[in-house]
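Novice: Contents of input.pdb (PDB, C-alpha atoms, pLDDT in the B column) are given next:
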ATOM      1  CA  MET Y   1     -76.864 -98.386  17.049  1.00 86.00           C
ATOM      2  CA  ILE Y   2     -80.603 -98.710  17.756  1.00 92.00           C
ATOM      3  CA  TYR Y   3     -80.543-102.497  18.226  1.00 94.00           C
ATOM      4  CA  LEU Y   4     -77.960-102.377  21.003  1.00 95.00           C
ATOM      5  CA  GLN Y   5     -79.749 -99.427  22.605  1.00 95.00           C
ATOM      6  CA  LEU Y   6     -83.080-101.285  22.566  1.00 95.00           C
ATOM      7  CA  PHE Y   7     -81.521-104.414  24.061  1.00 96.00           C
ATOM      8  CA  LEU Y   8     -79.591-102.564  26.778  1.00 95.00           C
ATOM      9  CA  THR Y   9     -82.512-100.295  27.702  1.00 95.00           C
ATOM     10  CA  PHE Y  10     -84.911-103.180  28.166  1.00 94.00           C
ATOM     11  CA  LEU Y  11     -82.199-105.263  29.850  1.00 95.00           C
ATOM     12  CA  GLU Y  12     -81.888-102.447  32.400  1.00 93.00           C
ATOM     13  CA  VAL Y  13     -85.670-102.301  32.830  1.00 91.00           C
ATOM     14  CA  GLY Y  14     -85.809-106.054  33.368  1.00 90.00           C
ATOM     15  CA  ALA Y  15     -82.830-106.052  35.741  1.00 90.00           C
ATOM     16  CA  VAL Y  16     -83.804-103.235  38.101  1.00 86.00           C
ATOM     17  CA  SER Y  17     -87.608-103.516  38.185  1.00 77.00           C
ATOM     18  CA  PHE Y  18     -89.428-105.506  40.822  1.00 71.00           C
ATOM     19  CA  GLY Y  19     -93.081-106.440  41.023  1.00 67.00           C
ATOM     20  CA  GLY Y  20     -93.732-107.697  37.525  1.00 71.00           C
ATOM     21  CA  GLY Y  21     -95.078-105.684  34.629  1.00 71.00           C
ATOM     22  CA  TYR Y  22     -96.980-103.137  36.672  1.00 75.00           C
ATOM     23  CA  GLY Y  23     -93.904-102.408  38.746  1.00 75.00           C
ATOM     24  CA  MET Y  24     -91.967-101.855  35.507  1.00 82.00           C
ATOM     25  CA  ILE Y  25     -94.378 -99.387  33.909  1.00 84.00           C
ATOM     26  CA  ALA Y  26     -92.942 -96.299  35.612  1.00 83.00           C
ATOM     27  CA  LEU Y  27     -89.380 -97.110  34.511  1.00 87.00           C
ATOM     28  CA  ILE Y  28     -90.469 -98.128  31.013  1.00 89.00           C
ATOM     29  CA  GLN Y  29     -92.387 -94.867  30.674  1.00 88.00           C
ATOM     30  CA  GLU Y  30     -89.391 -92.836  31.842  1.00 89.00           C
ATOM     31  CA  LYS Y  31     -87.070 -94.582  29.364  1.00 92.00           C
ATOM     32  CA  MET Y  32     -89.472 -94.413  26.396  1.00 91.00           C
ATOM     33  CA  LEU Y  33     -90.097 -90.693  26.905  1.00 89.00           C
ATOM     34  CA  SER Y  34     -86.419 -89.858  27.466  1.00 92.00           C
ATOM     35  CA  TYR Y  35     -85.365 -91.589  24.226  1.00 92.00           C
ATOM     36  CA  GLY Y  36     -88.348 -90.172  22.347  1.00 91.00           C
ATOM     37  CA  TRP Y  37     -89.459 -93.658  21.343  1.00 92.00           C
ATOM     38  CA  LEU Y  38     -93.022 -92.942  22.496  1.00 89.00           C
ATOM     39  CA  THR Y  39     -94.952 -89.814  23.379  1.00 88.00           C
ATOM     40  CA  GLU Y  40     -96.926 -89.589  26.634  1.00 85.00           C
ATOM     41  CA  GLU Y  41    -100.165 -90.334  24.765  1.00 85.00           C
ATOM     42  CA  GLU Y  42     -98.634 -93.250  22.837  1.00 88.00           C
ATOM     43  CA  MET Y  43     -97.309 -94.670  26.101  1.00 87.00           C
ATOM     44  CA  LEU Y  44    -100.747 -94.549  27.718  1.00 84.00           C
ATOM     45  CA  ASN Y  45    -102.287 -96.152  24.639  1.00 86.00           C
ATOM     46  CA  MET Y  46     -99.569 -98.812  24.651  1.00 85.00           C
ATOM     47  CA  ILE Y  47    -100.296 -99.631  28.294  1.00 84.00           C
ATOM     48  CA  ALA Y  48    -103.978-100.067  27.433  1.00 83.00           C
ATOM     49  CA  VAL Y  49    -103.197-102.279  24.432  1.00 84.00           C
ATOM     50  CA  ALA Y  50    -100.542-104.291  26.292  1.00 83.00           C
ATOM     51  CA  GLU Y  51    -102.944-104.829  29.192  1.00 79.00           C
ATOM     52  CA  SER Y  52    -105.731-106.055  26.946  1.00 77.00           C
ATOM     53  CA  THR Y  53    -103.618-108.477  24.897  1.00 80.00           C
ATOM     54  CA  PRO Y  54    -102.334-111.862  26.084  1.00 80.00           C
ATOM     55  CA  GLY Y  55     -98.949-111.946  27.734  1.00 80.00           C
ATOM     56  CA  PRO Y  56     -97.058-109.938  30.329  1.00 84.00           C
ATOM     57  CA  ILE Y  57     -97.506-106.181  29.986  1.00 85.00           C
ATOM     58  CA  ALA Y  58     -93.760-105.394  30.027  1.00 87.00           C
ATOM     59  CA  VAL Y  59     -93.050-107.984  27.329  1.00 90.00           C
ATOM     60  CA  ASN Y  60     -95.864-106.616  25.162  1.00 90.00           C
ATOM     61  CA  ILE Y  61     -94.578-103.055  25.520  1.00 90.00           C
ATOM     62  CA  ALA Y  62     -90.980-104.122  24.825  1.00 92.00           C
ATOM     63  CA  THR Y  63     -92.057-106.005  21.721  1.00 93.00           C
ATOM     64  CA  PHE Y  64     -94.111-103.074  20.438  1.00 91.00           C
ATOM     65  CA  VAL Y  65     -91.421-100.464  21.061  1.00 93.00           C
ATOM     66  CA  GLY Y  66     -88.718-102.710  19.630  1.00 95.00           C
ATOM     67  CA  SER Y  67     -90.812-103.310  16.535  1.00 94.00           C
ATOM     68  CA  SER Y  68     -91.593 -99.624  16.047  1.00 92.00           C
ATOM     69  CA  GLN Y  69     -87.947 -98.610  16.445  1.00 93.00           C
ATOM     70  CA  GLY Y  70     -86.082-101.519  14.849  1.00 94.00           C
ATOM     71  CA  GLY Y  71     -88.488-103.828  13.056  1.00 95.00           C
ATOM     72  CA  LEU Y  72     -88.526-107.551  13.724  1.00 96.00           C
ATOM     73  CA  LEU Y  73     -84.944-107.667  15.043  1.00 96.00           C
ATOM     74  CA  GLY Y  74     -85.664-104.683  17.303  1.00 96.00           C
ATOM     75  CA  ALA Y  75     -88.764-106.435  18.678  1.00 96.00           C
ATOM     76  CA  PHE Y  76     -86.768-109.594  19.353  1.00 97.00           C
ATOM     77  CA  LEU Y  77     -83.878-107.787  21.073  1.00 97.00           C
ATOM     78  CA  ALA Y  78     -86.113-105.552  23.227  1.00 96.00           C
ATOM     79  CA  THR Y  79     -88.174-108.567  24.303  1.00 95.00           C
ATOM     80  CA  LEU Y  80     -85.054-110.615  25.002  1.00 97.00           C
ATOM     81  CA  GLY Y  81     -83.627-107.739  27.029  1.00 96.00           C
ATOM     82  CA  VAL Y  82     -86.678-107.386  29.252  1.00 93.00           C
ATOM     83  CA  VAL Y  83     -87.080-111.122  29.991  1.00 93.00           C
ATOM     84  CA  LEU Y  84     -83.428-112.182  30.272  1.00 95.00           C
ATOM     85  CA  PRO Y  85     -82.781-110.857  33.813  1.00 92.00           C
ATOM     86  CA  SER Y  86     -85.932-112.500  35.195  1.00 88.00           C
ATOM     87  CA  PHE Y  87     -85.126-115.748  33.429  1.00 91.00           C
ATOM     88  CA  ILE Y  88     -81.611-115.840  34.879  1.00 92.00           C
ATOM     89  CA  ILE Y  89     -82.763-114.859  38.377  1.00 86.00           C
ATOM     90  CA  ILE Y  90     -85.555-117.457  38.385  1.00 85.00           C
ATOM     91  CA  LEU Y  91     -83.133-120.099  37.132  1.00 88.00           C
ATOM     92  CA  ILE Y  92     -80.780-119.310  40.019  1.00 85.00           C
ATOM     93  CA  ILE Y  93     -83.601-119.188  42.585  1.00 80.00           C
ATOM     94  CA  VAL Y  94     -85.050-122.522  41.442  1.00 81.00           C
ATOM     95  CA  THR Y  95     -81.714-124.184  42.029  1.00 82.00           C
ATOM     96  CA  LEU Y  96     -81.369-122.612  45.481  1.00 76.00           C
ATOM     97  CA  ILE Y  97     -84.991-122.107  46.639  1.00 72.00           C
ATOM     98  CA  LYS Y  98     -85.093-124.837  49.244  1.00 68.00           C
ATOM     99  CA  ASN Y  99     -82.183-123.311  51.087  1.00 77.00           C
ATOM    100  CA  LEU Y 100     -82.862-119.614  50.404  1.00 77.00           C
ATOM    101  CA  LEU Y 101     -86.225-119.124  52.110  1.00 76.00           C
ATOM    102  CA  LYS Y 102     -85.056-120.461  55.460  1.00 81.00           C
ATOM    103  CA  TYR Y 103     -82.719-117.478  55.921  1.00 84.00           C
ATOM    104  CA  LYS Y 104     -84.192-114.508  57.771  1.00 89.00           C
ATOM    105  CA  PRO Y 105     -82.310-111.887  55.680  1.00 90.00           C
ATOM    106  CA  VAL Y 106     -83.857-113.297  52.484  1.00 83.00           C
ATOM    107  CA  ASN Y 107     -87.342-113.119  53.986  1.00 85.00           C
ATOM    108  CA  ALA Y 108     -86.630-109.630  55.324  1.00 91.00           C
ATOM    109  CA  PHE Y 109     -85.492-108.555  51.852  1.00 88.00           C
ATOM    110  CA  LEU Y 110     -88.661-109.922  50.244  1.00 83.00           C
ATOM    111  CA  ASN Y 111     -90.864-108.362  52.944  1.00 89.00           C
ATOM    112  CA  GLY Y 112     -89.131-105.028  52.388  1.00 91.00           C
ATOM    113  CA  LEU Y 113     -89.713-105.190  48.638  1.00 87.00           C
ATOM    114  CA  ARG Y 114     -93.471-105.694  48.893  1.00 88.00           C
ATOM    115  CA  PRO Y 115     -94.371-102.162  50.063  1.00 92.00           C
ATOM    116  CA  ALA Y 116     -92.070-100.641  47.440  1.00 88.00           C
ATOM    117  CA  VAL Y 117     -93.729-102.650  44.679  1.00 85.00           C
ATOM    118  CA  VAL Y 118     -97.189-101.686  45.928  1.00 89.00           C
ATOM    119  CA  GLY Y 119     -96.077 -98.040  45.994  1.00 90.00           C
ATOM    120  CA  LEU Y 120     -94.805 -98.232  42.407  1.00 84.00           C
ATOM    121  CA  ILE Y 121     -98.060 -99.770  41.214  1.00 86.00           C
ATOM    122  CA  ILE Y 122    -100.164 -97.167  43.050  1.00 91.00           C
ATOM    123  CA  ALA Y 123     -98.000 -94.309  41.746  1.00 87.00           C
ATOM    124  CA  THR Y 124     -98.357 -95.609  38.192  1.00 83.00           C
ATOM    125  CA  GLY Y 125    -102.129 -95.901  38.620  1.00 86.00           C
ATOM    126  CA  ILE Y 126    -102.399 -92.361  39.977  1.00 88.00           C
ATOM    127  CA  THR Y 127    -100.229 -91.042  37.140  1.00 84.00           C
ATOM    128  CA  MET Y 128    -102.426 -92.756  34.557  1.00 84.00           C
ATOM    129  CA  ILE Y 129    -105.619 -91.429  36.180  1.00 87.00           C
ATOM    130  CA  LEU Y 130    -104.279 -87.876  36.316  1.00 86.00           C
ATOM    131  CA  SER Y 131    -103.088 -88.025  32.726  1.00 84.00           C
ATOM    132  CA  ASN Y 132    -106.080 -89.808  31.185  1.00 82.00           C
ATOM    133  CA  LEU Y 133    -108.892 -88.193  33.111  1.00 87.00           C
ATOM    134  CA  PHE Y 134    -107.501 -84.741  33.822  1.00 86.00           C
ATOM    135  CA  GLY Y 135    -104.806 -84.128  31.193  1.00 80.00           C
ATOM    136  CA  PHE Y 136    -102.169 -83.609  33.882  1.00 78.00           C
ATOM    137  CA  SER Y 137     -98.838 -85.176  32.950  1.00 71.00           C
ATOM    138  CA  GLU Y 138     -96.170 -82.806  34.270  1.00 72.00           C
ATOM    139  CA  THR Y 139     -95.764 -80.467  37.198  1.00 70.00           C
ATOM    140  CA  GLY Y 140     -97.108 -77.081  36.191  1.00 72.00           C
ATOM    141  CA  ASP Y 141     -99.688 -78.474  33.748  1.00 71.00           C
ATOM    142  CA  SER Y 142    -103.207 -77.231  34.289  1.00 78.00           C
ATOM    143  CA  PHE Y 143    -106.003 -79.710  34.829  1.00 79.00           C
ATOM    144  CA  ILE Y 144    -108.034 -80.222  31.664  1.00 84.00           C
ATOM    145  CA  PRO Y 145    -110.727 -82.793  32.483  1.00 87.00           C
ATOM    146  CA  ASP Y 146    -111.606 -85.222  29.700  1.00 86.00           C
ATOM    147  CA  GLY Y 147    -115.371 -85.625  30.068  1.00 87.00           C
ATOM    148  CA  GLN Y 148    -115.584 -88.756  27.946  1.00 89.00           C
ATOM    149  CA  SER Y 149    -112.862 -90.544  29.889  1.00 89.00           C
ATOM    150  CA  ILE Y 150    -114.418 -89.538  33.203  1.00 91.00           C
ATOM    151  CA  VAL Y 151    -117.821 -90.857  32.080  1.00 91.00           C
ATOM    152  CA  ILE Y 152    -116.315 -94.191  30.987  1.00 92.00           C
ATOM    153  CA  PHE Y 153    -114.295 -94.478  34.201  1.00 92.00           C
ATOM    154  CA  ALA Y 154    -117.360 -93.719  36.341  1.00 94.00           C
ATOM    155  CA  ILE Y 155    -119.505 -96.276  34.495  1.00 94.00           C
ATOM    156  CA  ILE Y 156    -116.812 -98.948  34.851  1.00 94.00           C
ATOM    157  CA  VAL Y 157    -116.458 -98.268  38.581  1.00 94.00           C
ATOM    158  CA  VAL Y 158    -120.244 -98.425  39.062  1.00 95.00           C
ATOM    159  CA  ILE Y 159    -120.473-101.694  37.109  1.00 95.00           C
ATOM    160  CA  ALA Y 160    -117.631-103.217  39.143  1.00 94.00           C
ATOM    161  CA  VAL Y 161    -119.139-102.163  42.470  1.00 95.00           C
ATOM    162  CA  ILE Y 162    -122.675-103.329  41.611  1.00 95.00           C
ATOM    163  CA  TYR Y 163    -121.382-106.656  40.284  1.00 94.00           C
ATOM    164  CA  LYS Y 164    -119.308-107.161  43.439  1.00 94.00           C
ATOM    165  CA  ILE Y 165    -122.334-106.432  45.663  1.00 94.00           C
ATOM    166  CA  VAL Y 166    -124.778-108.584  43.689  1.00 94.00           C
ATOM    167  CA  ARG Y 167    -122.560-111.526  42.701  1.00 93.00           C
ATOM    168  CA  LYS Y 168    -120.137-111.392  45.680  1.00 91.00           C
ATOM    169  CA  LYS Y 169    -117.148-111.623  43.337  1.00 93.00           C
ATOM    170  CA  SER Y 170    -115.172-109.377  41.018  1.00 92.00           C
ATOM    171  CA  VAL Y 171    -115.963-108.923  37.349  1.00 91.00           C
ATOM    172  CA  SER Y 172    -113.578-110.708  35.012  1.00 91.00           C
ATOM    173  CA  PRO Y 173    -110.891-108.310  33.732  1.00 87.00           C
ATOM    174  CA  ILE Y 174    -111.621-109.519  30.194  1.00 87.00           C
ATOM    175  CA  VAL Y 175    -115.274-108.565  30.554  1.00 90.00           C
ATOM    176  CA  MET Y 176    -114.269-105.149  31.951  1.00 91.00           C
ATOM    177  CA  ILE Y 177    -111.927-104.552  29.007  1.00 87.00           C
ATOM    178  CA  LEU Y 178    -114.684-105.464  26.548  1.00 90.00           C
ATOM    179  CA  ILE Y 179    -117.189-103.219  28.337  1.00 93.00           C
ATOM    180  CA  SER Y 180    -114.622-100.387  28.309  1.00 91.00           C
ATOM    181  CA  ALA Y 181    -114.055-100.843  24.581  1.00 89.00           C
ATOM    182  CA  VAL Y 182    -117.777-100.741  23.839  1.00 92.00           C
ATOM    183  CA  LEU Y 183    -118.209 -97.711  26.097  1.00 93.00           C
ATOM    184  CA  GLY Y 184    -115.266 -96.006  24.392  1.00 90.00           C
ATOM    185  CA  ILE Y 185    -116.792 -96.539  20.979  1.00 91.00           C
ATOM    186  CA  GLY Y 186    -120.186 -95.331  22.185  1.00 90.00           C
ATOM    187  CA  VAL Y 187    -119.092 -92.380  24.284  1.00 86.00           C
ATOM    188  CA  TYR Y 188    -116.504 -91.018  21.857  1.00 85.00           C
ATOM    189  CA  ALA Y 189    -118.906 -91.412  18.929  1.00 83.00           C
ATOM    190  CA  VAL Y 190    -121.772 -89.655  20.742  1.00 76.00           C
ATOM    191  CA  ILE Y 191    -120.072 -86.925  22.782  1.00 64.00           C
TER     192      ILE Y 191
END
Can the structure from this file be put into structure tokens for me?
Specialist:
Amino acid sequence: MIYLQLFLTFLEVGAVSFGGGYGMIALIQEKMLSYGWLTEEEMLNMIAVAESTPGPIAVNIATFVGSSQGGLLGAFLATLGVVLPSFIIILIIVTLIKNLLKYKPVNAFLNGLRPAVVGLIIATGITMILSNLFGFSETGDSFIPDGQSIVIFAIIVVIAVIYKIVRKKSVSPIVMILISAVLGIGVYAVI
């Protein structure tokens, strides 16, 4: 039954992923592709849409996939599945937090998780760059550069660097998303 499968899949994603939404992307992508719920291209588009809409990226993806596979009930169950483990864990931690952080093993555990989470986020970023800019999604694929995507990426990087140098702070992510959207419309319409 699709509803149970959606709930259990996103429950697993929520239960075994660390590092928030970005840390979950790799596992979500693996699950969505293995079940055939999204193609590689749809997954990349979903990440872009989920990133540019309000709310946590994993919740947005779960809601979208649930909706596409099981309608409103599917969206509800997938979203519930992905947030339930975090909700329960946070509820437990809040009740024990004062006592938990004074134990060295707890701090060691958290310190050990940080590099793994950073690695997952970097690996996801590299995978998205290789797929979006160079058309490389699997081992054995040949590199097929996407000129339009490379141009947009280069312009965004230049804007971010210049802004950082001139203003001494980072550009707002919302502004960068809007600039990317305008560039996408312009570049894909012209080239």
Novice: Can you measure atom CA of Y:Ile47 to atom CA of Y:Leu110 for me? One decimal in Å is fine.
Specialist: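 Between these atoms lies a distance of 26.9 Å.
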Novice: Quote the spacing between atom CA of Y:Pro115 and atom CA of Y:Leu84 in Å to one decimal place.
Specialist: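 Pair atom CA of Y:Pro115 / atom CA of Y:Leu84 returns 24.7 Å.
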Novice: So that I can see what lies close to Y:Leu73, please list as a list of chain:residue names the residues with an atom at most 10 Å from it, counting all atoms listed in the file and leaving out residues fewer than 5 positions away in the same chain.
Specialist: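 Listing them by chain and then by number gives Y:Tyr3, Y:Thr63, Y:Gly66, Y:Ser67, Y:Ala78, Y:Thr79.
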Novice: Rounded to one decimal, what separation in Å do you get between atom CA of Y:Ser131 and atom CA of Y:Phe7?
Specialist: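 The value is 28.4 Å.
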Novice: Can you spell out as a PDB file with C-alpha atoms, in the coordinates of the input the set of residues that the PyMOL selection byres ((chain Y and resi 169-179) around 10) selects in the structure I just provided?
Specialist:
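Output file out_21.pdb is given in full below:
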ATOM      1  CA  ALA Y  48    -103.978-100.067  27.433  1.00 83.00           C
ATOM      2  CA  GLU Y  51    -102.944-104.829  29.192  1.00 79.00           C
ATOM      3  CA  SER Y  52    -105.731-106.055  26.946  1.00 77.00           C
ATOM      4  CA  THR Y  53    -103.618-108.477  24.897  1.00 80.00           C
ATOM      5  CA  ILE Y 152    -116.315 -94.191  30.987  1.00 92.00           C
ATOM      6  CA  ILE Y 155    -119.505 -96.276  34.495  1.00 94.00           C
ATOM      7  CA  ILE Y 156    -116.812 -98.948  34.851  1.00 94.00           C
ATOM      8  CA  VAL Y 157    -116.458 -98.268  38.581  1.00 94.00           C
ATOM      9  CA  ILE Y 159    -120.473-101.694  37.109  1.00 95.00           C
ATOM     10  CA  ALA Y 160    -117.631-103.217  39.143  1.00 94.00           C
ATOM     11  CA  VAL Y 161    -119.139-102.163  42.470  1.00 95.00           C
ATOM     12  CA  ILE Y 162    -122.675-103.329  41.611  1.00 95.00           C
ATOM     13  CA  TYR Y 163    -121.382-106.656  40.284  1.00 94.00           C
ATOM     14  CA  LYS Y 164    -119.308-107.161  43.439  1.00 94.00           C
ATOM     15  CA  ILE Y 165    -122.334-106.432  45.663  1.00 94.00           C
ATOM     16  CA  VAL Y 166    -124.778-108.584  43.689  1.00 94.00           C
ATOM     17  CA  ARG Y 167    -122.560-111.526  42.701  1.00 93.00           C
ATOM     18  CA  LYS Y 168    -120.137-111.392  45.680  1.00 91.00           C
ATOM     19  CA  SER Y 180    -114.622-100.387  28.309  1.00 91.00           C
ATOM     20  CA  ALA Y 181    -114.055-100.843  24.581  1.00 89.00           C
ATOM     21  CA  VAL Y 182    -117.777-100.741  23.839  1.00 92.00           C
ATOM     22  CA  LEU Y 183    -118.209 -97.711  26.097  1.00 93.00           C
ATOM     23  CA  GLY Y 184    -115.266 -96.006  24.392  1.00 90.00           C
ATOM     24  CA  ILE Y 185    -116.792 -96.539  20.979  1.00 91.00           C
TER      25      ILE Y 185
END
Novice: When the PyMOL selection byres ((chain Y and resi 37) around 12) is applied to the file above, which residues end up in the set, as a PyMOL selection string?
Specialist: chain Y and resi 2+5-6+9+28-36+38-43+46+61-62+64-70
Novice: For the residues selected in the previous step, produce a file with C-alpha atoms as an mmCIF file, in the coordinates of the input.
Specialist:
data_model
loop_
_atom_site.group_PDB
_atom_site.id
_atom_site.type_symbol
_atom_site.label_atom_id
_atom_site.label_comp_id
_atom_site.auth_asym_id
_atom_site.auth_seq_id
_atom_site.Cartn_x
_atom_site.Cartn_y
_atom_site.Cartn_z
ATOM 1 C CA ILE Y 2 -80.603 -98.710 17.756
ATOM 2 C CA GLN Y 5 -79.749 -99.427 22.605
ATOM 3 C CA LEU Y 6 -83.080 -101.285 22.566
ATOM 4 C CA THR Y 9 -82.512 -100.295 27.702
ATOM 5 C CA ILE Y 28 -90.469 -98.128 31.013
ATOM 6 C CA GLN Y 29 -92.387 -94.867 30.674
ATOM 7 C CA GLU Y 30 -89.391 -92.836 31.842
ATOM 8 C CA LYS Y 31 -87.070 -94.582 29.364
ATOM 9 C CA MET Y 32 -89.472 -94.413 26.396
ATOM 10 C CA LEU Y 33 -90.097 -90.693 26.905
ATOM 11 C CA SER Y 34 -86.419 -89.858 27.466
ATOM 12 C CA TYR Y 35 -85.365 -91.589 24.226
ATOM 13 C CA GLY Y 36 -88.348 -90.172 22.347
ATOM 14 C CA LEU Y 38 -93.022 -92.942 22.496
ATOM 15 C CA THR Y 39 -94.952 -89.814 23.379
ATOM 16 C CA GLU Y 40 -96.926 -89.589 26.634
ATOM 17 C CA GLU Y 41 -100.165 -90.334 24.765
ATOM 18 C CA GLU Y 42 -98.634 -93.250 22.837
ATOM 19 C CA MET Y 43 -97.309 -94.670 26.101
ATOM 20 C CA MET Y 46 -99.569 -98.812 24.651
ATOM 21 C CA ILE Y 61 -94.578 -103.055 25.520
ATOM 22 C CA ALA Y 62 -90.980 -104.122 24.825
ATOM 23 C CA PHE Y 64 -94.111 -103.074 20.438
ATOM 24 C CA VAL Y 65 -91.421 -100.464 21.061
ATOM 25 C CA GLY Y 66 -88.718 -102.710 19.630
ATOM 26 C CA SER Y 67 -90.812 -103.310 16.535
ATOM 27 C CA SER Y 68 -91.593 -99.624 16.047
ATOM 28 C CA GLN Y 69 -87.947 -98.610 16.445
ATOM 29 C CA GLY Y 70 -86.082 -101.519 14.849
#
